[in-house]
>>> print(open('upload-v1.tsv').read())   # TSV, C-alpha atoms and all ligand atoms
chain	number	residue	atom	x	y	z
A	229	MET	CA	-5.76	-13.34	-52.42
A	230	THR	CA	-4.65	-10.40	-54.55
A	231	ASP	CA	-1.01	-9.44	-54.77
A	232	ASP	CA	-1.48	-6.24	-52.76
A	233	ALA	CA	-3.10	-8.00	-49.78
A	234	PRO	CA	-0.87	-7.88	-46.69
A	235	ALA	CA	1.31	-10.98	-46.38
A	236	TYR	CA	1.25	-13.36	-43.43
A	237	ALA	CA	4.33	-12.64	-41.36
A	238	GLY	CA	4.39	-15.59	-38.93
A	239	PRO	CA	7.07	-18.27	-38.76
A	240	ARG	CA	7.35	-21.24	-41.16
A	241	ARG	CA	5.67	-24.36	-39.83
A	242	ILE	CA	5.27	-27.75	-41.47
A	243	LEU	CA	2.30	-29.98	-40.69
A	244	SER	CA	0.73	-33.16	-41.97
A	245	GLY	CA	-1.27	-36.19	-40.86
A	246	ILE	CA	-2.21	-39.72	-41.86
A	247	GLN	CA	-5.54	-41.34	-41.06
A	248	ALA	CA	-5.60	-44.11	-38.48
A	249	SER	CA	-7.49	-46.48	-40.75
A	250	GLY	CA	-6.16	-49.51	-42.61
A	251	ALA	CA	-2.58	-50.60	-43.12
A	252	LEU	CA	0.08	-48.19	-44.39
A	253	HIS	CA	1.38	-48.85	-47.90
A	254	LEU	CA	4.17	-47.77	-50.23
A	255	GLY	CA	2.07	-44.82	-51.49
A	256	ASN	CA	1.85	-43.44	-47.96
A	257	TYR	CA	5.57	-44.02	-47.48
A	258	LEU	CA	6.74	-42.32	-50.68
A	259	GLY	CA	4.00	-39.66	-50.97
A	260	ALA	CA	3.93	-38.70	-47.30
A	261	LEU	CA	6.24	-40.30	-44.67
A	262	LYS	CA	9.50	-39.97	-46.61
A	263	ARG	CA	8.60	-36.38	-47.50
A	264	PHE	CA	7.91	-35.45	-43.86
A	265	VAL	CA	11.34	-36.75	-42.89
A	266	ALA	CA	12.99	-34.77	-45.70
A	267	LEU	CA	11.36	-31.56	-44.44
A	268	GLN	CA	11.64	-31.90	-40.66
A	269	ASP	CA	14.88	-29.92	-40.42
A	270	ALA	CA	13.57	-26.99	-42.45
A	271	ALA	CA	11.13	-25.68	-39.81
A	272	PRO	CA	9.17	-26.86	-36.73
A	273	THR	CA	7.22	-29.93	-37.87
A	274	PHE	CA	3.89	-31.24	-36.54
A	275	VAL	CA	2.80	-34.71	-37.58
A	276	PHE	CA	-0.31	-36.31	-36.19
A	277	VAL	CA	-2.38	-39.47	-36.40
A	278	ALA	CA	-5.75	-38.44	-37.82
A	279	ASP	CA	-8.06	-40.50	-35.62
A	280	LEU	CA	-10.90	-37.95	-35.76
A	281	HIS	CA	-10.80	-38.31	-39.55
A	282	ALA	CA	-10.64	-42.10	-39.32
A	283	ILE	CA	-14.03	-42.36	-37.56
A	284	THR	CA	-15.82	-40.66	-40.46
A	285	VAL	CA	-16.18	-44.28	-41.58
A	286	TRP	CA	-16.77	-47.11	-39.06
A	287	GLN	CA	-13.73	-48.16	-37.05
A	288	ASP	CA	-13.66	-50.96	-34.54
A	289	PRO	CA	-12.57	-49.21	-31.30
A	290	ALA	CA	-9.82	-51.70	-30.36
A	291	VAL	CA	-8.47	-51.65	-33.92
A	292	LEU	CA	-8.47	-47.83	-33.93
A	293	THR	CA	-6.25	-47.72	-30.84
A	294	ALA	CA	-3.85	-50.25	-32.37
A	295	GLN	CA	-3.77	-48.37	-35.71
A	296	THR	CA	-2.99	-45.12	-33.92
A	297	ARG	CA	0.07	-46.69	-32.34
A	298	GLU	CA	1.05	-48.31	-35.65
A	299	ILE	CA	1.03	-45.00	-37.50
A	300	ALA	CA	3.03	-43.35	-34.73
A	301	ALA	CA	5.50	-46.25	-35.01
A	302	ALA	CA	5.70	-45.70	-38.78
A	303	TYR	CA	6.48	-42.01	-38.27
A	304	ILE	CA	9.33	-42.78	-35.92
A	305	ALA	CA	10.59	-45.77	-37.94
A	306	SER	CA	10.66	-43.66	-41.13
A	307	GLY	CA	13.03	-41.23	-39.45
A	308	LEU	CA	10.92	-38.55	-37.77
A	309	ASP	CA	12.73	-37.61	-34.58
A	310	PRO	CA	10.22	-37.16	-31.72
A	311	ALA	CA	12.57	-34.69	-30.04
A	312	ARG	CA	12.47	-32.36	-33.05
A	313	SER	CA	9.09	-33.17	-34.64
A	314	THR	CA	5.88	-33.06	-32.64
A	315	ILE	CA	4.09	-36.42	-33.06
A	316	PHE	CA	0.61	-36.72	-31.53
A	317	PRO	CA	-2.90	-38.18	-31.85
A	318	GLN	CA	-5.29	-35.57	-33.26
A	319	SER	CA	-8.07	-36.38	-30.77
A	320	ALA	CA	-5.74	-35.73	-27.81
A	321	VAL	CA	-5.72	-32.01	-28.68
A	322	SER	CA	-9.34	-30.94	-28.28
A	323	ALA	CA	-8.71	-27.63	-30.07
A	324	HIS	CA	-8.95	-29.55	-33.41
A	325	SER	CA	-12.63	-30.30	-32.81
A	326	GLU	CA	-13.35	-26.81	-31.47
A	327	LEU	CA	-11.81	-25.01	-34.43
A	328	ALA	CA	-13.44	-27.45	-36.86
A	329	TRP	CA	-16.88	-26.40	-35.59
A	330	ILE	CA	-16.12	-22.71	-36.04
A	331	LEU	CA	-14.73	-23.32	-39.53
A	332	ASN	CA	-17.84	-25.37	-40.40
A	333	CYS	CA	-19.65	-22.07	-40.02
A	334	VAL	CA	-17.19	-20.32	-42.36
A	335	ALA	CA	-17.03	-22.94	-45.15
A	336	ARG	CA	-19.90	-22.91	-47.68
A	337	LEU	CA	-21.98	-25.91	-48.64
A	338	GLY	CA	-21.20	-25.27	-52.31
A	339	TRP	CA	-17.47	-25.60	-51.64
A	340	LEU	CA	-17.89	-28.98	-49.97
A	341	ASP	CA	-20.21	-30.18	-52.72
A	342	ARG	CA	-17.26	-30.03	-55.09
A	343	MET	CA	-14.98	-32.32	-53.05
A	344	THR	CA	-14.11	-35.36	-55.17
A	345	GLN	CA	-12.85	-37.46	-52.24
A	346	PHE	CA	-16.29	-37.32	-50.61
A	347	LYS	CA	-17.88	-38.42	-53.87
A	348	GLU	CA	-15.45	-41.35	-54.14
A	349	LYS	CA	-15.75	-42.43	-50.52
A	350	SER	CA	-19.51	-42.07	-50.21
A	351	GLY	CA	-20.11	-44.06	-53.40
A	352	LYS	CA	-23.59	-44.62	-54.78
A	353	HIS	CA	-25.42	-44.10	-51.48
A	354	LYS	CA	-24.33	-40.73	-50.22
A	355	GLU	CA	-27.38	-40.42	-47.96
A	356	ARG	CA	-25.92	-43.28	-45.91
A	357	ALA	CA	-22.51	-41.60	-45.43
A	358	SER	CA	-21.80	-40.01	-42.06
A	359	VAL	CA	-22.16	-36.24	-41.79
A	360	GLY	CA	-18.55	-36.29	-40.57
A	361	LEU	CA	-17.39	-37.70	-43.91
A	362	TYR	CA	-18.97	-34.69	-45.61
A	363	THR	CA	-17.32	-32.10	-43.36
A	364	TYR	CA	-14.02	-34.06	-43.30
A	365	PRO	CA	-12.17	-31.40	-45.35
A	366	VAL	CA	-13.21	-28.69	-42.86
A	367	LEU	CA	-11.66	-30.69	-40.01
A	368	GLN	CA	-8.55	-30.97	-42.17
A	369	ALA	CA	-8.51	-27.18	-42.58
A	370	ALA	CA	-8.77	-26.85	-38.79
A	371	ASP	CA	-5.83	-29.25	-38.32
A	372	ILE	CA	-3.68	-27.08	-40.52
A	373	LEU	CA	-4.80	-23.59	-39.47
A	374	LEU	CA	-4.69	-24.39	-35.74
A	375	TYR	CA	-0.89	-24.47	-35.99
A	376	LYS	CA	-0.80	-21.64	-38.55
A	377	ALA	CA	1.07	-24.12	-40.74
A	378	THR	CA	2.66	-22.61	-43.82
A	379	GLU	CA	3.60	-25.85	-45.65
A	380	VAL	CA	1.70	-29.11	-45.86
A	381	PRO	CA	3.49	-32.11	-47.44
A	382	VAL	CA	0.91	-34.50	-48.92
A	383	GLY	CA	0.28	-36.77	-51.89
A	384	GLU	CA	-1.42	-35.51	-55.03
A	385	ASP	CA	-4.87	-36.71	-53.85
A	386	GLN	CA	-4.94	-34.03	-51.13
A	387	LYS	CA	-4.54	-31.05	-53.46
A	388	GLN	CA	-8.23	-30.17	-53.50
A	389	HIS	CA	-8.44	-30.28	-49.69
A	390	LEU	CA	-5.51	-27.89	-49.48
A	391	GLU	CA	-7.20	-25.49	-51.88
A	392	LEU	CA	-10.31	-25.59	-49.71
A	393	THR	CA	-8.15	-24.87	-46.63
A	394	ARG	CA	-6.80	-21.76	-48.34
A	395	ASP	CA	-10.34	-20.64	-49.23
A	396	ILE	CA	-11.52	-21.14	-45.64
A	397	ALA	CA	-8.49	-19.26	-44.24
A	398	ALA	CA	-9.03	-16.36	-46.64
A	399	LYS	CA	-12.76	-16.13	-45.87
A	400	PHE	CA	-12.15	-16.20	-42.11
A	401	ASN	CA	-9.51	-13.46	-42.42
A	402	THR	CA	-11.85	-11.32	-44.56
A	403	ASP	CA	-15.12	-11.95	-42.68
A	404	PHE	CA	-13.61	-11.01	-39.33
A	405	GLY	CA	-11.36	-8.23	-40.61
A	406	VAL	CA	-8.12	-9.94	-39.52
A	407	PRO	CA	-6.28	-10.02	-42.86
A	408	CYS	CA	-3.11	-11.75	-41.66
A	409	PHE	CA	-4.50	-14.01	-38.93
A	410	PHE	CA	-4.36	-17.32	-40.77
A	411	PRO	CA	-1.63	-17.99	-43.36
A	412	LEU	CA	-2.71	-19.42	-46.71
A	413	PRO	CA	-0.84	-22.74	-46.44
A	414	GLU	CA	1.09	-24.12	-49.40
A	415	PRO	CA	0.65	-27.75	-50.38
A	416	VAL	CA	4.06	-29.42	-50.82
A	417	ILE	CA	3.43	-32.10	-53.45
A	418	GLN	CA	6.91	-32.99	-54.61
A	419	GLY	CA	9.14	-35.83	-55.72
A	420	PRO	CA	8.71	-38.53	-58.36
A	421	ALA	CA	6.00	-40.45	-56.43
A	422	THR	CA	3.23	-38.04	-55.41
A	423	ARG	CA	0.68	-40.53	-56.77
A	424	VAL	CA	1.80	-44.14	-56.52
A	425	MET	CA	-0.50	-46.38	-58.57
A	426	SER	CA	-1.83	-49.89	-57.92
A	427	LEU	CA	0.52	-52.72	-58.92
A	428	ARG	CA	-2.44	-54.42	-60.64
A	429	ASP	CA	-3.85	-51.42	-62.52
A	430	GLY	CA	-1.78	-48.41	-63.57
A	431	SER	CA	-4.90	-46.23	-63.75
A	432	ALA	CA	-5.95	-46.72	-60.08
A	433	LYS	CA	-4.25	-45.17	-57.05
A	434	MET	CA	-2.48	-47.51	-54.63
A	435	SER	CA	-4.90	-47.45	-51.73
A	436	LYS	CA	-5.74	-48.97	-48.35
A	437	SER	CA	-9.25	-49.66	-49.55
A	438	ASP	CA	-8.36	-51.72	-52.64
A	439	PRO	CA	-9.76	-55.23	-51.96
A	440	SER	CA	-6.71	-56.84	-53.65
A	441	ASP	CA	-3.69	-57.10	-51.35
A	442	GLN	CA	-1.58	-57.72	-54.51
A	443	SER	CA	-2.31	-54.13	-55.56
A	444	ARG	CA	-0.14	-52.62	-52.83
A	445	ILE	CA	3.04	-53.12	-50.84
A	446	ASN	CA	2.18	-52.82	-47.16
A	447	LEU	CA	4.74	-51.47	-44.71
A	448	THR	CA	4.21	-54.69	-42.76
A	449	ASP	CA	5.02	-56.99	-45.74
A	450	ASP	CA	8.14	-59.12	-45.40
A	451	ALA	CA	10.90	-59.35	-48.03
A	452	ASP	CA	9.35	-62.37	-49.78
A	453	ALA	CA	5.93	-60.73	-50.05
A	454	ILE	CA	7.45	-57.50	-51.43
A	455	ALA	CA	9.50	-59.38	-54.04
A	456	ALA	CA	6.50	-61.55	-55.07
A	457	LYS	CA	4.20	-58.54	-55.48
A	458	ILE	CA	6.74	-56.74	-57.67
A	459	ARG	CA	7.37	-59.87	-59.74
A	460	LYS	CA	3.64	-60.20	-60.40
A	461	ALA	CA	3.04	-56.47	-60.97
A	462	LYS	CA	1.19	-55.71	-64.18
A	463	THR	CA	3.41	-54.45	-67.03
A	464	ASP	CA	3.35	-54.22	-70.81
A	465	PRO	CA	5.47	-56.37	-73.17
A	466	GLU	CA	7.82	-53.55	-74.35
A	467	PRO	CA	11.27	-52.89	-72.89
A	468	LEU	CA	11.69	-49.66	-70.90
A	469	PRO	CA	11.95	-46.60	-73.19
A	470	GLU	CA	15.20	-44.75	-73.87
A	471	THR	CA	13.75	-41.45	-72.58
A	472	ALA	CA	11.31	-40.54	-69.77
A	473	ASP	CA	8.91	-39.10	-72.40
A	474	GLY	CA	8.46	-42.65	-73.69
A	475	LEU	CA	6.64	-43.51	-70.45
A	476	ALA	CA	3.74	-41.18	-71.26
A	477	ASP	CA	1.24	-43.79	-72.49
A	478	ARG	CA	2.54	-46.64	-70.36
A	479	PRO	CA	0.97	-46.21	-66.91
A	480	GLU	CA	2.33	-49.43	-65.37
A	481	ALA	CA	5.89	-48.86	-66.60
A	482	ARG	CA	5.69	-45.23	-65.51
A	483	ASN	CA	4.57	-46.25	-62.04
A	484	LEU	CA	7.37	-48.78	-61.50
A	485	VAL	CA	9.98	-46.28	-62.72
A	486	ALA	CA	8.55	-43.61	-60.39
A	487	ILE	CA	8.72	-46.04	-57.45
A	488	TYR	CA	12.33	-46.90	-58.31
A	489	ALA	CA	13.20	-43.20	-58.57
A	490	ALA	CA	11.56	-42.28	-55.25
A	491	LEU	CA	13.10	-45.21	-53.36
A	492	SER	CA	16.59	-44.44	-54.66
A	493	ASP	CA	16.30	-40.63	-54.37
A	494	GLN	CA	16.79	-40.19	-58.10
A	495	THR	CA	14.77	-38.59	-60.87
A	496	ARG	CA	12.84	-40.69	-63.39
A	497	GLU	CA	15.32	-39.50	-66.03
A	498	GLN	CA	18.22	-40.96	-64.05
A	499	VAL	CA	16.40	-44.29	-63.71
A	500	ILE	CA	15.68	-44.36	-67.44
A	501	ALA	CA	19.33	-43.51	-68.17
A	502	GLN	CA	20.25	-46.67	-66.26
A	503	PHE	CA	17.50	-49.07	-67.38
A	504	GLY	CA	16.30	-47.69	-70.76
A	505	GLY	CA	16.13	-50.46	-73.37
A	506	GLN	CA	16.03	-53.24	-70.76
A	507	GLY	CA	13.02	-55.51	-70.30
A	508	PHE	CA	11.00	-56.00	-67.11
A	509	GLY	CA	12.80	-59.33	-66.65
A	510	ALA	CA	15.83	-57.26	-65.63
A	511	PHE	CA	14.10	-54.22	-64.12
A	512	LYS	CA	11.68	-55.98	-61.77
A	513	PRO	CA	14.35	-57.92	-59.81
A	514	ALA	CA	16.37	-54.69	-59.44
A	515	LEU	CA	13.25	-52.90	-58.19
A	516	ALA	CA	12.42	-55.75	-55.80
A	517	ASP	CA	15.95	-55.67	-54.31
A	518	LEU	CA	15.77	-51.91	-53.92
A	519	ALA	CA	12.31	-51.99	-52.32
A	520	VAL	CA	13.33	-54.71	-49.88
A	521	SER	CA	16.54	-52.95	-48.86
A	522	ALA	CA	14.83	-49.54	-48.51
A	523	LEU	CA	11.83	-50.81	-46.57
A	524	ALA	CA	13.48	-53.50	-44.39
A	525	PRO	CA	14.96	-51.09	-41.82
A	526	VAL	CA	11.66	-49.21	-41.59
A	527	THR	CA	9.55	-52.34	-41.09
A	528	ALA	CA	12.05	-53.81	-38.61
A	529	GLU	CA	12.00	-50.64	-36.52
A	530	MET	CA	8.19	-50.51	-36.75
A	531	ARG	CA	7.99	-54.06	-35.40
A	532	ARG	CA	10.40	-53.26	-32.59
A	533	LEU	CA	8.32	-50.24	-31.59
A	534	MET	CA	5.03	-52.14	-31.83
A	535	ASP	CA	6.47	-54.57	-29.30
A	536	ASP	CA	7.07	-51.65	-26.96
A	537	PRO	CA	3.78	-49.74	-26.88
A	538	ALA	CA	4.89	-47.87	-23.75
A	539	GLU	CA	7.61	-46.13	-25.77
A	540	ILE	CA	5.10	-45.12	-28.45
A	541	ASP	CA	2.67	-43.88	-25.81
A	542	ARG	CA	5.36	-41.72	-24.22
A	543	VAL	CA	6.05	-40.07	-27.57
A	544	LEU	CA	2.32	-39.49	-28.23
A	545	LYS	CA	1.67	-38.05	-24.77
A	546	ASP	CA	4.63	-35.71	-24.92
A	547	GLY	CA	3.68	-34.71	-28.48
A	548	ALA	CA	0.07	-33.99	-27.46
A	549	GLU	CA	1.27	-31.66	-24.69
A	550	ARG	CA	3.63	-29.80	-27.02
A	551	ALA	CA	0.95	-29.56	-29.73
A	552	ALA	CA	-1.67	-28.26	-27.29
A	553	ALA	CA	0.75	-25.58	-26.12
A	554	ILE	CA	0.68	-24.14	-29.66
A	555	ALA	CA	-2.94	-24.94	-30.55
A	556	ASP	CA	-4.77	-23.81	-27.40
A	557	PRO	CA	-3.71	-20.16	-27.56
A	558	VAL	CA	-4.69	-20.06	-31.27
A	559	VAL	CA	-8.18	-21.40	-30.61
A	560	ASP	CA	-8.50	-18.90	-27.74
A	561	GLU	CA	-7.66	-16.07	-30.11
A	562	VAL	CA	-10.18	-17.39	-32.63
A	563	LYS	CA	-12.90	-17.41	-29.96
A	564	LYS	CA	-12.09	-13.82	-29.12
A	565	ILE	CA	-12.15	-12.80	-32.81
A	566	VAL	CA	-15.53	-14.54	-33.30
A	567	GLY	CA	-16.94	-12.72	-30.25
A	568	PHE	CA	-17.56	-15.60	-27.84
A	569	TRP	CA	-18.13	-14.59	-24.21
A	570	ARG	CA	-14.94	-14.87	-22.23
A	571	GLY	CA	-15.94	-13.59	-18.77
B	1	LIG	P1	-4.28	-41.50	-46.05
B	1	LIG	O1	-3.76	-42.87	-45.97
B	1	LIG	O2	-5.40	-41.35	-47.00
B	1	LIG	O3	-4.53	-40.86	-44.71
B	1	LIG	O4	-3.10	-40.66	-46.71
B	1	LIG	C1	-1.97	-40.25	-45.97
B	1	LIG	C2	-0.97	-39.54	-46.87
B	1	LIG	O5	-0.48	-40.45	-47.86
B	1	LIG	C3	-1.56	-38.34	-47.64
B	1	LIG	O6	-0.57	-37.32	-47.72
B	1	LIG	C4	-1.84	-38.91	-48.99
B	1	LIG	O7	-1.84	-37.94	-50.01
B	1	LIG	C5	-0.68	-39.89	-49.16
B	1	LIG	N1	-1.03	-40.98	-50.09
B	1	LIG	C6	-2.03	-41.88	-49.95
B	1	LIG	N2	-2.06	-42.73	-51.00
B	1	LIG	C7	-1.04	-42.34	-51.83
B	1	LIG	C8	-0.53	-42.84	-53.08
B	1	LIG	N3	-1.08	-43.89	-53.68
B	1	LIG	N4	0.52	-42.20	-53.63
B	1	LIG	C9	1.10	-41.13	-53.01
B	1	LIG	N5	0.68	-40.62	-51.84
B	1	LIG	C10	-0.38	-41.22	-51.25
B	2	LIG	N1	-6.96	-36.15	-45.33
B	2	LIG	C1	-5.59	-36.60	-45.25
B	2	LIG	C2	-5.48	-37.93	-46.04
B	2	LIG	O1	-6.37	-38.70	-46.14
B	2	LIG	C3	-5.14	-36.81	-43.84
B	2	LIG	C4	-5.14	-35.51	-43.10
B	2	LIG	C5	-6.00	-35.13	-42.12
B	2	LIG	C6	-4.24	-34.43	-43.32
B	2	LIG	N2	-5.70	-33.87	-41.69
B	2	LIG	C7	-4.62	-33.41	-42.41
B	2	LIG	C8	-3.17	-34.21	-44.19
B	2	LIG	C9	-3.95	-32.18	-42.35
B	2	LIG	C10	-2.49	-32.99	-44.13
B	2	LIG	C11	-2.89	-31.97	-43.22
B	2	LIG	O2	-4.46	-38.19	-46.54
>>> encode(input="upload-v1.tsv", output="structure tokens")
Amino acid sequence: MTDDAPAYAGPRRILSGIQASGALHLGNYLGALKRFVALQDAAPTFVFVADLHAITVWQDPAVLTAQTREIAAAYIASGLDPARSTIFPQSAVSAHSELAWILNCVARLGWLDRMTQFKEKSGKHKERASVGLYTYPVLQAADILLYKATEVPVGEDQKQHLELTRDIAAKFNTDFGVPCFFPLPEPVIQGPATRVMSLRDGSAKMSKSDPSDQSRINLTDDADAIAAKIRKAKTDPEPLPETADGLADRPEARNLVAIYAALSDQTREQVIAQFGGQGFGAFKPALADLAVSALAPVTAEMRRLMDDPAEIDRVLKDGAERAAAIADPVVDEVKKIVGFWRG
């Protein structure tokens, strides 16, 4: 958009989602969950469980239902307040699928061909990937634009999808001559841990799909498992540097310092000021203690909620109704703009 284009004048809204596939890990907690909680007082916040996105790769139906509740439990346990933030399953608001179809007809094949996440997820045999996996980023754009969200807190890996969302919003606004209809949402990729790396390999992202459970701290791990994984985390033989710049070529050390910083709400510089010059023999136990004490209340509350699925279901049902009350009128307006018959 050029500087002289009219600006979107709607209210601030914050929105994000996490896929209902695989167990949640420390990367999700620091890159996403903790950030949502930090933002929820700034503006109305919408946080959903991305079950439509999850089925772009095979999901066992019973497991999908359980994962949906588990992610909702993680939202609440991390500190999202269901009275203030709208927490819901994506598939329970049918407007997501409706808008996604319309935006599929706005997005260009060439734009999707550039998406690196599709290339990573489809692997060597892209002809065997589902069509849904290919149009996944368009559904994500629909999720965001349906609520006219202005800010989207995510980890670093979602940056390209957010850029695509902005391109789709701008093309829709231009094609249909409605310059301020959709906002161009801002990605909010902030904090010391926007890309938490594997504990076994400082050059690979911590991920649900890594076959090694030692590579990640799961939100369901108990204190002993967390401490053991940190103790065994890959490091180099040098002590921690005296300045944060000294972490530049040391991916494993950099990752552990970033995790410490994010868990203790400090900057990497502050962590280095405290631990610079010390070896991992001293730093790892401090990190393990911090991780256990930061995560224990979250995992305990998650377990409590998982034992009370009725409470989770009440939150999801109420959230779906509140979300639909915002989303349905927007999709109706879109249908009118596109020229669909309305009787
Ligand atoms: P996903 O689990 O792929 O649905 O991701 C949910 C959220 O967690 C998104 O905002 C991701 O960007 C974020 N996320 C996933 N993995 C990491 C990681 N290793 N470091 C930081 N953020 C992450
Ligand atoms: N694609 C995101 C991920 O894997 C999840 C997601 C789906 C999302 N829809 C979204 C994130 C809308 C932010 C906004 O992490």
>>> residues_around(input="upload-v1.tsv", residues="Gly507 in chain A", least_positions_apart="6", cutoff="10 Å", atoms="only C-alpha atoms", output="list in words")
Asp464, Pro465, Glu466, Pro467, Leu468 and Pro469 of chain A
>>> residues_around(input="upload-v1.tsv", residues="range 423-435 of chain A", least_positions_apart="3", cutoff="6 Å", atoms="all atoms listed in the file", output="list of chain:residue names")
A:Gly255, A:Glu384, A:Asp438, A:Ser443, A:Arg444, A:Ala461, A:Lys462, A:Pro479, A:Glu480
>>> residues_near_ligand(input="upload-v1.tsv", ligand="ligand LIG 1 (chain B)", cutoff="8 Å", atoms="only C-alpha atoms and all ligand atoms", output="short mmCIF file (atom, residue, chain, number, x, y, z; two decimals) with C-alpha atoms, in the coordinates of the input")
data_model
loop_
_atom_site.label_atom_id
_atom_site.label_comp_id
_atom_site.auth_asym_id
_atom_site.auth_seq_id
_atom_site.Cartn_x
_atom_site.Cartn_y
_atom_site.Cartn_z
CA SER A 244 0.73 -33.16 -41.97
CA GLY A 245 -1.27 -36.19 -40.86
CA ILE A 246 -2.21 -39.72 -41.86
CA GLN A 247 -5.54 -41.34 -41.06
CA ALA A 248 -5.60 -44.11 -38.48
CA SER A 249 -7.49 -46.48 -40.75
CA GLY A 250 -6.16 -49.51 -42.61
CA LEU A 252 0.08 -48.19 -44.39
CA HIS A 253 1.38 -48.85 -47.90
CA LEU A 254 4.17 -47.77 -50.23
CA GLY A 255 2.07 -44.82 -51.49
CA ASN A 256 1.85 -43.44 -47.96
CA TYR A 257 5.57 -44.02 -47.48
CA LEU A 258 6.74 -42.32 -50.68
CA GLY A 259 4.00 -39.66 -50.97
CA ALA A 260 3.93 -38.70 -47.30
CA LEU A 261 6.24 -40.30 -44.67
CA ALA A 278 -5.75 -38.44 -37.82
CA PRO A 381 3.49 -32.11 -47.44
CA VAL A 382 0.91 -34.50 -48.92
CA GLY A 383 0.28 -36.77 -51.89
CA GLU A 384 -1.42 -35.51 -55.03
CA ASP A 385 -4.87 -36.71 -53.85
CA GLN A 386 -4.94 -34.03 -51.13
CA ALA A 421 6.00 -40.45 -56.43
CA THR A 422 3.23 -38.04 -55.41
CA ARG A 423 0.68 -40.53 -56.77
CA VAL A 424 1.80 -44.14 -56.52
CA MET A 425 -0.50 -46.38 -58.57
CA SER A 426 -1.83 -49.89 -57.92
CA LYS A 433 -4.25 -45.17 -57.05
CA MET A 434 -2.48 -47.51 -54.63
CA SER A 435 -4.90 -47.45 -51.73
CA LYS A 436 -5.74 -48.97 -48.35
#
>>> residues_around(input="upload-v1.tsv", residues="Phe503 in chain A", least_positions_apart="5", cutoff="10 Å", atoms="all atoms listed in the file", output="ChimeraX atom specification")
/A:467-471,485,497-498,508,510-511,514
>>> write_last_selection(input="upload-v1.tsv", atoms="C-alpha atoms", output="compact mmCIF listing (two decimals), in the frame of the given file")
# COMPACT_ATOMS: atom_id res chain seq x y z
CA PRO A 467 11.27 -52.89 -72.89
CA LEU A 468 11.69 -49.66 -70.90
CA PRO A 469 11.95 -46.60 -73.19
CA GLU A 470 15.20 -44.75 -73.87
CA THR A 471 13.75 -41.45 -72.58
CA VAL A 485 9.98 -46.28 -62.72
CA GLU A 497 15.32 -39.50 -66.03
CA GLN A 498 18.22 -40.96 -64.05
CA PHE A 508 11.00 -56.00 -67.11
CA ALA A 510 15.83 -57.26 -65.63
CA PHE A 511 14.10 -54.22 -64.12
CA ALA A 514 16.37 -54.69 -59.44
>>> closest_residue(input="upload-v1.tsv", among="A:Arg241, A:Arg570, A:Lys460, A:His281", to="Gln368 in chain A", atoms="all atoms listed in the file")
A:His281
>>> closest_residue(input="upload-v1.tsv", among="A:Ala522, A:Ala551, A:Leu392, A:Val275", to="Thr344 in chain A", atoms="only C-alpha atoms")
A:Leu392
>>> atom_distance(input="upload-v1.tsv", atom1="CA of Leu292 in chain A", atom2="CA of Val277 in chain A")
10.6 Å
>>> residues_around(input="upload-v1.tsv", residues="range 234-240 of chain A", least_positions_apart="5", cutoff="12 Å", atoms="all atoms listed in the file", output="PyMOL selection string")
chain A and resi 229+267-274+375-380+397-398+401-402+406-414
>>> closest_residue(input="upload-v1.tsv", among="A:Gly405, A:Pro365, A:Gly307, A:Gly360", to="ligand LIG 2 (chain B)", atoms="only C-alpha atoms and all ligand atoms")
A:Pro365
>>> atom_distance(input="upload-v1.tsv", atom1="CA of Lys512 in chain A", atom2="CA of Ile458 in chain A")
6.5 Å
>>> residues_around(input="upload-v1.tsv", residues="Val291 in chain A", least_positions_apart="4", cutoff="12 Å", atoms="all atoms listed in the file", output="PyMOL selection string")
chain A and resi 248-251+279+282-283+286-287+295-298
>>> closest_residue(input="upload-v1.tsv", among="A:Asn446, A:Thr463, A:Thr293, A:Gln388", to="ligand LIG 2 (chain B)", atoms="only C-alpha atoms and all ligand atoms")
A:Gln388
>>> atom_distance(input="upload-v1.tsv", atom1="CA of Ile487 in chain A", atom2="CA of Pro525 in chain A")
17.6 Å
>>> closest_residue(input="upload-v1.tsv", among="A:Ile454, A:Val416, A:Cys333, A:Lys349", to="Ile396 in chain A", atoms="only C-alpha atoms")
A:Cys333
>>> closest_residue(input="upload-v1.tsv", among="A:Ser437, A:Asn332, A:Ser521, A:Gln345", to="Ala451 in chain A", atoms="only C-alpha atoms")
A:Ser521
>>> axis_aligned_box(input="upload-v1.tsv", around="range 363-382 of chain A", padding_each_side="6 Å", output="AutoDock Vina command-line options")
--center_x -6.9 --center_y -28.1 --center_z -42.3 --size_x 32.9 --size_y 24.9 --size_z 25.2
